[in-house]
Amino acid sequence: MSAEAHDHDHGHDEHEHHHKDTFITKYIFSIDHKMIAKQYLITGIVMGIIGVGMSMLFRMQIAWPEESFKIFNFLLGDKFAPNGVMSNDVYLSLVTIHGTIMVFFVLTAALSGTFSNLLIPLQIGARDMASGILNMISYWLFFLSSVVMICSLFVESGPASAGWTIYPPLSALPQAIPGSGTGMTLWLVSMAIFIAASLLGSLNYIVTVINLRTKGMSMTRLPLTVWAFFITAIIGVISFPVLLSAALMLIMDRSFGTSFFLSDIYIAGEVLHYQGGSPVLFEHLFWFLGHPEVYIVLLPALGITSEVIATHSRKPIFGYRAMIMSIIAIAFLSTIVWGHHMFISGMNPFLGSVFTFTTLLIAIPSAVKAFNYITTLWKGNLQLNPAMLFSIGLVSTFITGGLTGIILGDSTLDINVHDTYFVVAHFHLVMGISALYGMFAGIYHWFPKMFGRMLNKNLGYVHFWVTATCAYGVFFPMHFIGMAGLPRRYYTNTNFPLFDDLQNVNVIITTFALVGGAFQLVFLYNFFSSIFYGKKTVQNPWKSNTLEWTAPIKHIHGNWEGEIPHVHRWPYDYSKPGHDDDFVPQHIPMKPGEEQLHH
Amino acid sequence: MTTLLVLIVVVLLAVALWQLTKIFDLTQVGASVNDTQVANDNDNKVNGYLMFGFLVFIYLTTIWCLVYYGKFPLIGDSASAHGPEIDNLMVITMVLIFIVQTITQALLHYFAFKYRGRQGQQALYFADSNKLEFIWSIIPAIVLAVLILYGLYAWTNIMFVDEKDDKDAIVIELYAQQFKWEARYSGADDVLGKANVRYIEGVNNLGVDLSDPNAQDDFTSTELHIPKGTRVIFKLRSQDVLHSAYMPHFRAQMNCVPGMVTNFSFIPTLTTAEMRENPDMIEKVANINSIRAKKSADLVAKGEPALDPYTFDYLLLCNKICGASHYNMQMKIVVDTPEEYKAWLKENSPKTIVLAVKTAAAEAKAAAAPASETKDTTTVTSNDTTVVANAETK
């Protein structure tokens, strides 16, 4: 190790000794990545409670459309649920805000925000993010956007209700749907702030990974988590600005009379002045973000899974380089497949052919990942901790949900299942549930790192098994009602006797959803009580190889007392022959003559 | 009643799971302080078996769904010429998916069960195999190539229809607005007149250019009639927001986009009457009617009117969120025999838009003449969509 680095470390430590944290700088406007990670997580959990809660409400409406529920009246008020009967406007609002919150606020911001922030510096051996201030600003912008989104729930005309994809003209014209008034304005403002937050975060992650790796930590020695966060940040930087421009253009159309997305509209008894715009343009811009967004959500979850499966299998991840290549391939392909959301949007059918081709290509790297996970389990010594269960669950839902993507990605088959419940089932399994499992796996695995205490494993087991059963119970039958032609976003199906025979399936689905939703309380209890009363952890409870477990349990600025450990090997030397333990952390030097798999 | 049953199930499940935690807790006795929350051999064993059980659960769910829904395609046999092509591709893809799903889920959960951790067990240090990676890149690639080729072949056949190739083809405009559909027929000249929302006025609610010679014989209908065996080319328009014309029985769907005209075409192959005679459809309708009969009995007991029995009709649904009453934007489709269709045309083609506009103008004039209590009948037609939607519900 060089003297220079030593001096630097020393200087840093000294600086820390001078620094005295007040409550505000430690818990609120913190620039420490570990605290910011916790802030993201807690905010995400709060948003998650709201998002999941909403889905419970509209699932009840779909299953029992003619019943009245006191809880509707209690939660939605007299205006939106008079006598406990949900109004059709608020149904669409719930669907819209559920989608928005879960996709953006929980699975994008909270998942990436928590684990990128926590793990990137700790796993690459850095004192903190490249810019602590930017990191803090990023979190507080995210917080602000959450607040604005929540405020939009309370405006008089109701929150945004044009679907989370906010296709104009529906989202542009308050005459078309009440939610497109103030509610939509706040939605757009919230998303604009959100995108700024996301971009600041992503830039920080990219710079940190490129510049701040510790000595010996070459790119091919990075844990797959960091690879996933790194690539995710790159996709985010490429695609989020496009949504920002779409949102700005929509704001212009709504408030300043431009015609980017609107043309030839007659509504509420008058012809509007818009001329020459096209809603299809908006769809292109939206999905140029919207599809990579799926992978922004999914890749961090897959990265976490790679780490968790390897650690708890006590076995190297199978095909480390293939995993990196497939992450990069997925990231690249994800930016050229957006048109598969638009096969029947009215765009030229020739484009449909092209997008079918690129879309089905993406199945190849995805299949490689799935097979590699399964092979990693083979002949392992599986420690079935809750984190491991959620990771195995992720692989399971990723396969089930991914396979139906072959149907939806095929333009010909998409004609008849587009916008039916088949789509809802598909993307909830492959992206929603999988990413949530990834998040849970991450929380169970790194909770000791975050809070110095362990989560209760038995509550964890109950949480997993009920969630897993309910997730399949909800989304598996849903494919079938989709194939039977039931469109999504219908407030009730009672106007179609054709679908009467699907109603009992909807009841089954809702029952599973309610049970599954209720059992998330087990997790919440476990999480919040363990922060204060959980069993104290040892430094490296899972006997893991990565650098974060060499840092002290108690969080300190700069992560390591003294110098940062140097890295001598890749992170997956589990059960390597010739070692006493079944794990060899990255900072342990190679034995003389020891064979190295990756350099 | 259902609510009560569901509640009971929820409570029982909760109790069962509470007991399960107790069992988990009992396995903890005697563990050392710091690694009590790390899985031990017993946890691995219990969860390993549960993994195996979960595999069984996935298979049972699959089998139950397949048995319960029985026959593919679930919406019933297709009623268009290109339908069987889509259905075939769907069945081939589904079979492939089920095979892959069955095998991979079995491997995943079986490995999780088989290799559950035990004290002293050594994992295999096996990190790489180019051969394996190659195999599972190339197999999906080949399978997908076949699916892509088949899919693109079918897609090209369905979507690239040259209007000039098919001289007999009928062109019909499907017009969408919140929250109803209308169909515009081209009349004797077989050409639809020009239209734009800026021409919308009174009963001319589709915005047809009344000065266009081609528009003189255009007429509209709120029920879509199409003849069996002839290609129908739909020109889709929307006056307000995005809608999607979804005709599931014909395996047809296309968005209606304000500001542009989109196309979809197919050849109907089964008349409404023929579809009603289809054995699968008879079974489906009987099932639906028994469900409705039960529901009716409940309703009557509450003093509400009973539900009408269901007879099958083709439907055009809106399948793109379009506003509060999106859930009830539908139009009946009737597939006629060519003779019936001719008769229907003969009956309806005189009711042209031009004539309706003239009549309305005359009526307005007549109403204005007495000068007192003017009721403007013309303005209530297209705008007040909620009224229309409600009327259609009834």
# chains A, B, ... in the order shown; residues from 1 in each chain; ligands from 1
>>> select_by_dssp(residues="region 39-255 of chain B", states="alpha helix (DSSP H)", output="CSV table (one decimal) with N, CA and C atoms, in the first residue's frame")
chain,number,residue,atom,x,y,z
B,41,ASP,N,-29.7,-25.8,11.0
B,41,ASP,CA,-30.0,-27.0,10.3
B,41,ASP,C,-31.5,-27.2,10.3
B,42,ASN,N,-32.1,-27.0,11.4
B,42,ASN,CA,-33.6,-27.2,11.5
B,42,ASN,C,-34.4,-26.3,10.6
B,43,ASP,N,-34.0,-25.0,10.6
B,43,ASP,CA,-34.6,-24.1,9.7
B,43,ASP,C,-34.5,-24.5,8.3
B,44,ASN,N,-33.3,-24.9,7.9
B,44,ASN,CA,-33.0,-25.4,6.6
B,44,ASN,C,-33.9,-26.5,6.2
B,45,LYS,N,-34.1,-27.4,7.2
B,45,LYS,CA,-34.9,-28.6,6.9
B,45,LYS,C,-36.3,-28.2,6.7
B,46,VAL,N,-36.9,-27.4,7.6
B,46,VAL,CA,-38.3,-27.0,7.5
B,46,VAL,C,-38.5,-26.3,6.2
B,47,ASN,N,-37.6,-25.3,5.9
B,47,ASN,CA,-37.9,-24.5,4.7
B,47,ASN,C,-37.6,-25.3,3.5
B,48,GLY,N,-36.6,-26.2,3.5
B,48,GLY,CA,-36.4,-27.1,2.4
B,48,GLY,C,-37.6,-27.8,2.0
B,49,TYR,N,-38.2,-28.4,3.0
B,49,TYR,CA,-39.5,-29.2,2.7
B,49,TYR,C,-40.6,-28.2,2.2
B,50,LEU,N,-40.6,-27.0,2.8
B,50,LEU,CA,-41.6,-26.1,2.4
B,50,LEU,C,-41.4,-25.7,0.9
B,51,MET,N,-40.1,-25.6,0.5
B,51,MET,CA,-39.8,-25.3,-0.9
B,51,MET,C,-40.4,-26.4,-1.8
B,52,PHE,N,-40.2,-27.6,-1.3
B,52,PHE,CA,-40.8,-28.7,-2.1
B,52,PHE,C,-42.3,-28.6,-2.2
B,53,GLY,N,-42.8,-28.3,-1.0
B,53,GLY,CA,-44.3,-28.1,-0.9
B,53,GLY,C,-44.8,-27.0,-1.9
B,54,PHE,N,-44.0,-26.0,-1.9
B,54,PHE,CA,-44.3,-24.8,-2.8
B,54,PHE,C,-44.4,-25.2,-4.2
B,55,LEU,N,-43.4,-26.1,-4.6
B,55,LEU,CA,-43.4,-26.6,-6.0
B,55,LEU,C,-44.7,-27.3,-6.3
B,56,VAL,N,-45.1,-28.1,-5.3
B,56,VAL,CA,-46.4,-28.8,-5.5
B,56,VAL,C,-47.5,-27.8,-5.6
B,57,PHE,N,-47.5,-26.8,-4.8
B,57,PHE,CA,-48.5,-25.7,-4.8
B,57,PHE,C,-48.6,-25.1,-6.2
B,58,ILE,N,-47.4,-24.8,-6.8
B,58,ILE,CA,-47.4,-24.1,-8.1
B,58,ILE,C,-48.0,-25.0,-9.1
B,59,TYR,N,-47.6,-26.3,-9.1
B,59,TYR,CA,-48.2,-27.3,-10.0
B,59,TYR,C,-49.7,-27.4,-9.9
B,60,LEU,N,-50.1,-27.5,-8.6
B,60,LEU,CA,-51.6,-27.7,-8.4
B,60,LEU,C,-52.3,-26.4,-8.9
B,61,THR,N,-51.8,-25.2,-8.6
B,61,THR,CA,-52.5,-24.0,-9.1
B,61,THR,C,-52.6,-24.1,-10.6
B,62,THR,N,-51.5,-24.5,-11.3
B,62,THR,CA,-51.5,-24.6,-12.7
B,62,THR,C,-52.5,-25.6,-13.2
B,63,ILE,N,-52.5,-26.8,-12.6
B,63,ILE,CA,-53.5,-27.8,-13.0
B,63,ILE,C,-54.9,-27.3,-12.8
B,64,TRP,N,-55.1,-26.7,-11.6
B,64,TRP,CA,-56.5,-26.3,-11.3
B,64,TRP,C,-56.9,-25.2,-12.3
B,65,CYS,N,-56.0,-24.3,-12.6
B,65,CYS,CA,-56.4,-23.3,-13.6
B,65,CYS,C,-56.7,-23.9,-15.0
B,66,LEU,N,-55.9,-24.9,-15.3
B,66,LEU,CA,-56.1,-25.5,-16.7
B,66,LEU,C,-57.4,-26.3,-16.7
B,67,VAL,N,-57.7,-27.0,-15.6
B,67,VAL,CA,-58.9,-27.8,-15.6
B,67,VAL,C,-60.1,-26.9,-15.5
B,68,TYR,N,-60.0,-25.8,-14.7
B,68,TYR,CA,-61.1,-25.0,-14.4
B,68,TYR,C,-61.5,-24.2,-15.7
B,69,TYR,N,-60.4,-23.7,-16.4
B,69,TYR,CA,-60.7,-23.0,-17.6
B,69,TYR,C,-60.8,-23.8,-18.8
B,83,GLY,N,-58.1,-15.5,-37.3
B,83,GLY,CA,-58.1,-15.9,-35.9
B,83,GLY,C,-57.4,-17.2,-35.6
B,84,PRO,N,-57.6,-18.2,-36.4
B,84,PRO,CA,-57.0,-19.5,-36.1
B,84,PRO,C,-55.5,-19.4,-36.1
B,85,GLU,N,-54.9,-18.5,-37.0
B,85,GLU,CA,-53.5,-18.3,-37.0
B,85,GLU,C,-53.0,-17.8,-35.7
B,86,ILE,N,-53.6,-16.8,-35.1
B,86,ILE,CA,-53.3,-16.3,-33.8
B,86,ILE,C,-53.4,-17.4,-32.8
B,87,ASP,N,-54.5,-18.1,-32.8
B,87,ASP,CA,-54.8,-19.1,-31.8
B,87,ASP,C,-53.7,-20.2,-31.9
B,88,ASN,N,-53.4,-20.6,-33.1
B,88,ASN,CA,-52.3,-21.7,-33.2
B,88,ASN,C,-51.0,-21.2,-32.6
B,89,LEU,N,-50.6,-20.0,-32.9
B,89,LEU,CA,-49.4,-19.5,-32.4
B,89,LEU,C,-49.4,-19.4,-30.9
B,90,MET,N,-50.6,-19.0,-30.4
B,90,MET,CA,-50.8,-18.9,-29.0
B,90,MET,C,-50.7,-20.3,-28.3
B,91,VAL,N,-51.3,-21.3,-28.9
B,91,VAL,CA,-51.2,-22.6,-28.3
B,91,VAL,C,-49.8,-23.2,-28.3
B,92,ILE,N,-49.1,-22.9,-29.5
B,92,ILE,CA,-47.7,-23.4,-29.6
B,92,ILE,C,-46.8,-22.7,-28.5
B,93,THR,N,-47.0,-21.4,-28.4
B,93,THR,CA,-46.2,-20.6,-27.4
B,93,THR,C,-46.6,-21.1,-26.0
B,94,MET,N,-47.9,-21.3,-25.7
B,94,MET,CA,-48.3,-21.7,-24.4
B,94,MET,C,-47.7,-23.1,-24.0
B,95,VAL,N,-47.7,-24.0,-25.0
B,95,VAL,CA,-47.1,-25.3,-24.7
B,95,VAL,C,-45.7,-25.2,-24.3
B,96,LEU,N,-44.9,-24.4,-25.2
B,96,LEU,CA,-43.5,-24.2,-24.9
B,96,LEU,C,-43.3,-23.6,-23.5
B,97,ILE,N,-44.1,-22.6,-23.2
B,97,ILE,CA,-43.9,-21.9,-21.9
B,97,ILE,C,-44.2,-22.9,-20.8
B,98,PHE,N,-45.2,-23.7,-20.9
B,98,PHE,CA,-45.5,-24.7,-19.8
B,98,PHE,C,-44.4,-25.7,-19.6
B,99,ILE,N,-43.8,-26.1,-20.8
B,99,ILE,CA,-42.7,-27.1,-20.6
B,99,ILE,C,-41.6,-26.4,-19.9
B,100,VAL,N,-41.2,-25.2,-20.3
B,100,VAL,CA,-40.0,-24.6,-19.7
B,100,VAL,C,-40.4,-24.3,-18.2
B,101,GLN,N,-41.6,-23.8,-18.0
B,101,GLN,CA,-42.0,-23.4,-16.6
B,101,GLN,C,-41.9,-24.7,-15.7
B,102,THR,N,-42.5,-25.8,-16.2
B,102,THR,CA,-42.5,-27.0,-15.4
B,102,THR,C,-41.1,-27.4,-15.0
B,103,ILE,N,-40.2,-27.4,-16.0
B,103,ILE,CA,-38.9,-27.9,-15.8
B,103,ILE,C,-38.1,-27.0,-14.9
B,104,THR,N,-38.1,-25.7,-15.2
B,104,THR,CA,-37.2,-24.8,-14.4
B,104,THR,C,-37.7,-24.7,-13.0
B,105,GLN,N,-39.0,-24.6,-12.8
B,105,GLN,CA,-39.5,-24.5,-11.4
B,105,GLN,C,-39.2,-25.7,-10.6
B,106,ALA,N,-39.3,-26.9,-11.3
B,106,ALA,CA,-38.9,-28.1,-10.6
B,106,ALA,C,-37.5,-28.1,-10.2
B,107,LEU,N,-36.6,-27.7,-11.1
B,107,LEU,CA,-35.1,-27.7,-10.8
B,107,LEU,C,-34.9,-26.7,-9.6
B,108,LEU,N,-35.4,-25.5,-9.7
B,108,LEU,CA,-35.2,-24.5,-8.7
B,108,LEU,C,-35.6,-25.0,-7.4
B,109,HIS,N,-36.9,-25.4,-7.2
B,109,HIS,CA,-37.4,-25.8,-5.9
B,109,HIS,C,-36.8,-27.1,-5.4
B,110,TYR,N,-36.5,-28.0,-6.4
B,110,TYR,CA,-35.9,-29.3,-6.0
B,110,TYR,C,-34.5,-29.1,-5.4
B,111,PHE,N,-33.8,-28.3,-6.1
B,111,PHE,CA,-32.4,-28.0,-5.6
B,111,PHE,C,-32.5,-27.3,-4.3
B,112,ALA,N,-33.4,-26.4,-4.1
B,112,ALA,CA,-33.5,-25.7,-2.8
B,112,ALA,C,-33.9,-26.7,-1.7
B,113,PHE,N,-34.6,-27.8,-2.1
B,113,PHE,CA,-34.9,-28.8,-1.1
B,113,PHE,C,-33.7,-29.8,-0.9
B,114,LYS,N,-33.2,-30.2,-2.0
B,114,LYS,CA,-32.2,-31.3,-2.0
B,114,LYS,C,-30.9,-30.8,-1.3
B,130,ASN,N,-18.1,-22.6,-19.7
B,130,ASN,CA,-18.5,-22.0,-21.0
B,130,ASN,C,-19.4,-22.9,-21.8
B,131,LYS,N,-19.2,-24.2,-21.6
B,131,LYS,CA,-20.1,-25.1,-22.4
B,131,LYS,C,-21.6,-24.9,-22.0
B,132,LEU,N,-21.8,-24.9,-20.6
B,132,LEU,CA,-23.1,-24.8,-20.2
B,132,LEU,C,-23.7,-23.4,-20.6
B,133,GLU,N,-22.9,-22.4,-20.4
B,133,GLU,CA,-23.4,-21.0,-20.8
B,133,GLU,C,-23.8,-21.0,-22.3
B,134,PHE,N,-23.0,-21.7,-23.1
B,134,PHE,CA,-23.3,-21.7,-24.5
B,134,PHE,C,-24.6,-22.4,-24.7
B,135,ILE,N,-24.7,-23.6,-24.1
B,135,ILE,CA,-26.0,-24.4,-24.3
B,135,ILE,C,-27.2,-23.5,-24.0
B,136,TRP,N,-27.2,-22.9,-22.8
B,136,TRP,CA,-28.4,-22.2,-22.5
B,136,TRP,C,-28.5,-20.8,-23.0
B,137,SER,N,-27.6,-20.4,-23.8
B,137,SER,CA,-27.8,-19.2,-24.7
B,137,SER,C,-28.4,-19.6,-26.0
B,138,ILE,N,-27.9,-20.8,-26.5
B,138,ILE,CA,-28.2,-21.1,-27.9
B,138,ILE,C,-29.6,-21.7,-28.0
B,139,ILE,N,-30.0,-22.5,-27.0
B,139,ILE,CA,-31.3,-23.2,-27.0
B,139,ILE,C,-32.4,-22.1,-27.0
B,140,PRO,N,-32.4,-21.2,-26.1
B,140,PRO,CA,-33.5,-20.2,-26.2
B,140,PRO,C,-33.4,-19.4,-27.5
B,141,ALA,N,-32.2,-19.1,-27.9
B,141,ALA,CA,-32.1,-18.4,-29.2
B,141,ALA,C,-32.8,-19.1,-30.3
B,142,ILE,N,-32.6,-20.4,-30.4
B,142,ILE,CA,-33.2,-21.2,-31.5
B,142,ILE,C,-34.7,-21.2,-31.4
B,143,VAL,N,-35.2,-21.5,-30.2
B,143,VAL,CA,-36.6,-21.5,-30.0
B,143,VAL,C,-37.3,-20.2,-30.3
B,144,LEU,N,-36.6,-19.1,-29.8
B,144,LEU,CA,-37.2,-17.8,-30.0
B,144,LEU,C,-37.2,-17.4,-31.5
B,145,ALA,N,-36.1,-17.9,-32.2
B,145,ALA,CA,-36.0,-17.6,-33.6
B,145,ALA,C,-37.2,-18.1,-34.3
B,146,VAL,N,-37.6,-19.4,-34.0
B,146,VAL,CA,-38.8,-20.0,-34.6
B,146,VAL,C,-40.0,-19.2,-34.3
B,147,LEU,N,-40.2,-18.9,-33.0
B,147,LEU,CA,-41.4,-18.1,-32.6
B,147,LEU,C,-41.4,-16.8,-33.3
B,148,ILE,N,-40.3,-16.1,-33.4
B,148,ILE,CA,-40.3,-14.8,-34.0
B,148,ILE,C,-40.7,-14.9,-35.5
B,149,LEU,N,-40.1,-15.9,-36.2
B,149,LEU,CA,-40.4,-16.1,-37.6
B,149,LEU,C,-41.9,-16.3,-37.8
B,150,TYR,N,-42.5,-17.3,-37.0
B,150,TYR,CA,-43.9,-17.6,-37.1
B,150,TYR,C,-44.7,-16.3,-36.8
B,151,GLY,N,-44.3,-15.6,-35.7
B,151,GLY,CA,-45.1,-14.5,-35.3
B,151,GLY,C,-45.0,-13.4,-36.4
B,152,LEU,N,-43.9,-13.1,-36.9
B,152,LEU,CA,-43.8,-12.1,-37.9
B,152,LEU,C,-44.5,-12.4,-39.2
B,153,TYR,N,-44.5,-13.7,-39.6
B,153,TYR,CA,-45.3,-14.1,-40.7
B,153,TYR,C,-46.7,-13.8,-40.5
B,154,ALA,N,-47.3,-14.2,-39.4
B,154,ALA,CA,-48.7,-14.0,-39.1
B,154,ALA,C,-49.0,-12.5,-39.0
B,155,TRP,N,-48.1,-11.8,-38.3
B,155,TRP,CA,-48.3,-10.3,-38.2
B,155,TRP,C,-48.4,-9.6,-39.5
B,156,THR,N,-47.5,-10.0,-40.4
B,156,THR,CA,-47.5,-9.4,-41.8
B,156,THR,C,-48.8,-9.7,-42.5
B,157,ASN,N,-49.3,-11.0,-42.4
B,157,ASN,CA,-50.5,-11.4,-43.0
B,157,ASN,C,-51.7,-10.5,-42.5
B,158,ILE,N,-51.7,-10.3,-41.2
B,158,ILE,CA,-52.8,-9.7,-40.6
B,158,ILE,C,-52.8,-8.2,-40.8
B,159,MET,N,-51.6,-7.6,-40.7
B,159,MET,CA,-51.6,-6.1,-40.6
B,159,MET,C,-51.4,-5.4,-42.0
>>> residues_around(residues="region 336-350 of chain A", least_positions_apart="3", cutoff="7 Å", atoms="only C-alpha atoms", output="VMD selection string")
(chain A and resid 280 287 to 288 291 333 353 to 356 358 to 359 409 411 415) or (chain B and resid 159 253 to 255 262)
>>> write_last_selection(atoms="C-alpha atoms", output="mmCIF file, in the first residue's frame")
data_model
loop_
_atom_site.group_PDB
_atom_site.id
_atom_site.type_symbol
_atom_site.label_atom_id
_atom_site.label_comp_id
_atom_site.auth_asym_id
_atom_site.auth_seq_id
_atom_site.Cartn_x
_atom_site.Cartn_y
_atom_site.Cartn_z
ATOM 1 C CA VAL A 280 -48.588 8.468 -30.327
ATOM 2 C CA TRP A 287 -42.137 4.167 -23.183
ATOM 3 C CA PHE A 288 -38.634 5.203 -24.115
ATOM 4 C CA HIS A 291 -39.505 0.130 -20.752
ATOM 5 C CA LEU A 333 -31.680 -4.122 -25.396
ATOM 6 C CA SER A 353 -42.105 -6.330 -36.566
ATOM 7 C CA VAL A 354 -38.837 -4.691 -35.548
ATOM 8 C CA PHE A 355 -39.858 -4.366 -31.923
ATOM 9 C CA THR A 356 -41.053 -7.970 -31.807
ATOM 10 C CA THR A 358 -35.684 -6.917 -30.358
ATOM 11 C CA THR A 359 -38.119 -7.781 -27.589
ATOM 12 C CA GLY A 409 -43.649 -9.428 -26.889
ATOM 13 C CA SER A 411 -46.984 -8.516 -31.832
ATOM 14 C CA ILE A 415 -53.387 -8.081 -30.531
ATOM 15 C CA MET B 159 -51.590 -6.095 -40.616
ATOM 16 C CA GLN B 253 -57.778 -4.698 -31.651
ATOM 17 C CA MET B 254 -56.597 -1.247 -32.678
ATOM 18 C CA ASN B 255 -56.362 2.074 -30.869
ATOM 19 C CA THR B 262 -55.997 3.987 -37.825
#
>>> select_by_dssp(residues="region 231-423 of chain A", states="strand (DSSP E or B)", output="PyMOL selection string")
chain A and resi 266-267+270-271+382+420
>>> write_last_selection(atoms="N, CA and C atoms", output="PDB file, in the first residue's frame")
ATOM      1  N   TYR A 266     -62.755  17.231 -29.996  1.00  0.00           N
ATOM      2  CA  TYR A 266     -64.079  17.791 -29.719  1.00  0.00           C
ATOM      3  C   TYR A 266     -64.525  17.192 -28.400  1.00  0.00           C
ATOM      4  N   ILE A 267     -64.675  18.029 -27.399  1.00  0.00           N
ATOM      5  CA  ILE A 267     -65.053  17.480 -26.096  1.00  0.00           C
ATOM      6  C   ILE A 267     -65.900  18.491 -25.352  1.00  0.00           C
ATOM      7  N   GLU A 270     -67.497  21.376 -27.448  1.00  0.00           N
ATOM      8  CA  GLU A 270     -66.764  22.366 -28.243  1.00  0.00           C
ATOM      9  C   GLU A 270     -65.517  21.758 -28.864  1.00  0.00           C
ATOM     10  N   VAL A 271     -65.128  22.375 -29.967  1.00  0.00           N
ATOM     11  CA  VAL A 271     -63.887  21.958 -30.623  1.00  0.00           C
ATOM     12  C   VAL A 271     -62.745  22.707 -29.967  1.00  0.00           C
ATOM     13  N   LEU A 382     -27.192 -24.859   1.105  1.00  0.00           N
ATOM     14  CA  LEU A 382     -28.078 -23.708   1.177  1.00  0.00           C
ATOM     15  C   LEU A 382     -28.485 -23.365   2.604  1.00  0.00           C
ATOM     16  N   THR A 420     -55.333  -6.397 -21.451  1.00  0.00           N
ATOM     17  CA  THR A 420     -56.220  -7.240 -20.650  1.00  0.00           C
ATOM     18  C   THR A 420     -55.502  -7.570 -19.338  1.00  0.00           C
TER      19      THR A 420
END
>>> residues_around(residues="Tyr341 (chain B)", least_positions_apart="6", cutoff="9 Å", atoms="only C-alpha atoms", output="ChimeraX atom specification")
/B:225-228,335
>>> write_last_selection(atoms="C-alpha atoms", output="PDB file, in the first residue's frame")
ATOM      1  CA  HIS B 225     -73.438  -5.025 -38.816  1.00  0.00           C
ATOM      2  CA  ILE B 226     -70.909  -6.867 -40.954  1.00  0.00           C
ATOM      3  CA  PRO B 227     -71.406  -9.657 -43.497  1.00  0.00           C
ATOM      4  CA  LYS B 228     -69.841 -13.086 -43.182  1.00  0.00           C
ATOM      5  CA  VAL B 335     -72.368 -10.762 -38.210  1.00  0.00           C
TER       6      VAL B 335
END
>>> residues_around(residues="region 350-355 of chain B", least_positions_apart="2", cutoff="9 Å", atoms="only C-alpha atoms", output="list in words")
Gly187, Val203, Asn204, Val208, Leu210, Ala215, Gln216, Asp217, Asp218, Phe219, Thr220, Leu345, Lys346, Glu347, Asn348, Val357, Lys358, Thr359 and Ala360 of chain B
>>> residues_around(residues="Ile282 (chain B)", least_positions_apart="3", cutoff="12 Å", atoms="only C-alpha atoms", output="mmCIF file with C-alpha atoms, in the first residue's frame")
data_model
loop_
_atom_site.group_PDB
_atom_site.id
_atom_site.type_symbol
_atom_site.label_atom_id
_atom_site.label_comp_id
_atom_site.auth_asym_id
_atom_site.auth_seq_id
_atom_site.Cartn_x
_atom_site.Cartn_y
_atom_site.Cartn_z
ATOM 1 C CA GLY B 76 -64.165 -19.081 -27.464
ATOM 2 C CA ASP B 77 -63.404 -20.078 -31.041
ATOM 3 C CA ALA B 273 -76.415 -17.173 -35.256
ATOM 4 C CA GLU B 274 -73.709 -19.718 -36.088
ATOM 5 C CA MET B 275 -71.620 -18.692 -33.099
ATOM 6 C CA ARG B 276 -74.629 -19.155 -30.832
ATOM 7 C CA GLU B 277 -74.863 -22.735 -32.080
ATOM 8 C CA ASN B 278 -71.190 -23.445 -31.363
ATOM 9 C CA PRO B 279 -71.126 -26.225 -28.710
ATOM 10 C CA VAL B 285 -73.644 -19.328 -22.127
ATOM 11 C CA ALA B 286 -75.400 -22.021 -20.070
ATOM 12 C CA ASN B 287 -72.759 -21.625 -17.364
ATOM 13 C CA ILE B 288 -73.116 -17.855 -17.364
ATOM 14 C CA ASN B 289 -76.880 -18.150 -17.204
ATOM 15 C CA TYR B 310 -77.743 -13.825 -21.356
ATOM 16 C CA THR B 311 -77.699 -14.570 -25.043
ATOM 17 C CA PHE B 312 -74.446 -14.451 -26.890
#
>>> atom_distance(atom1="CA of Ala123 (chain B)", atom2="CA of Pro386 (chain A)")
19.8 Å
>>> residues_around(residues="His568 (chain A)", least_positions_apart="2", cutoff="10 Å", atoms="only C-alpha atoms", output="count of residues only")
17
>>> closest_residue(among="A:His33, A:Lys70, A:His428, A:His463", to="chain B", atoms="only C-alpha atoms")
A:His463
>>> residues_around(residues="Phe476 (chain A)", least_positions_apart="3", cutoff="10 Å", atoms="only C-alpha atoms", output="list in words")
Thr400, Gly401, Phe422, Ala425, His426, Leu429, Cys470, Ala471, Tyr472, Gly473, His479, Phe480, Ile481 and Ile509 of chain A; Ile58, Thr61, Thr62 and Cys65 of chain B
>>> closest_residue(among="B:Ser265, B:Asn205, B:Gln121, B:Ser349", to="chain A", atoms="only C-alpha atoms")
B:Gln121
>>> closest_residue(among="B:Ala369, B:Ala252, B:Ala195, B:Leu4", to="chain A", atoms="only C-alpha atoms")
B:Ala252
>>> closest_residue(among="A:Gln61, A:Ser180, A:Glu293, A:Ala172", to="Asp253 (chain A)", atoms="only C-alpha atoms")
A:Ala172
>>> closest_residue(among="A:Val505, A:Ile150, A:Val209, A:Ile364", to="chain B", atoms="only C-alpha atoms")
A:Ile364
>>> atom_distance(atom1="CA of Ala364 (chain B)", atom2="CA of Glu201 (chain B)")
13.5 Å
>>> closest_residue(among="A:Thr404, A:Asn545, A:Asn526, A:Ser255", to="chain B", atoms="only C-alpha atoms")
A:Thr404
>>> decode(residues="region 299-303 of chain B", atoms="C-alpha atoms", output="short mmCIF file (atom, residue, chain, number, x, y, z; two decimals), in the first residue's frame")
data_model
loop_
_atom_site.label_atom_id
_atom_site.label_comp_id
_atom_site.auth_asym_id
_atom_site.auth_seq_id
_atom_site.Cartn_x
_atom_site.Cartn_y
_atom_site.Cartn_z
CA LEU B 299 -81.61 -9.89 -6.03
CA VAL B 300 -85.28 -10.87 -6.07
CA ALA B 301 -85.03 -11.82 -2.42
CA LYS B 302 -83.82 -8.27 -1.77
CA GLY B 303 -86.76 -6.93 -3.75
#
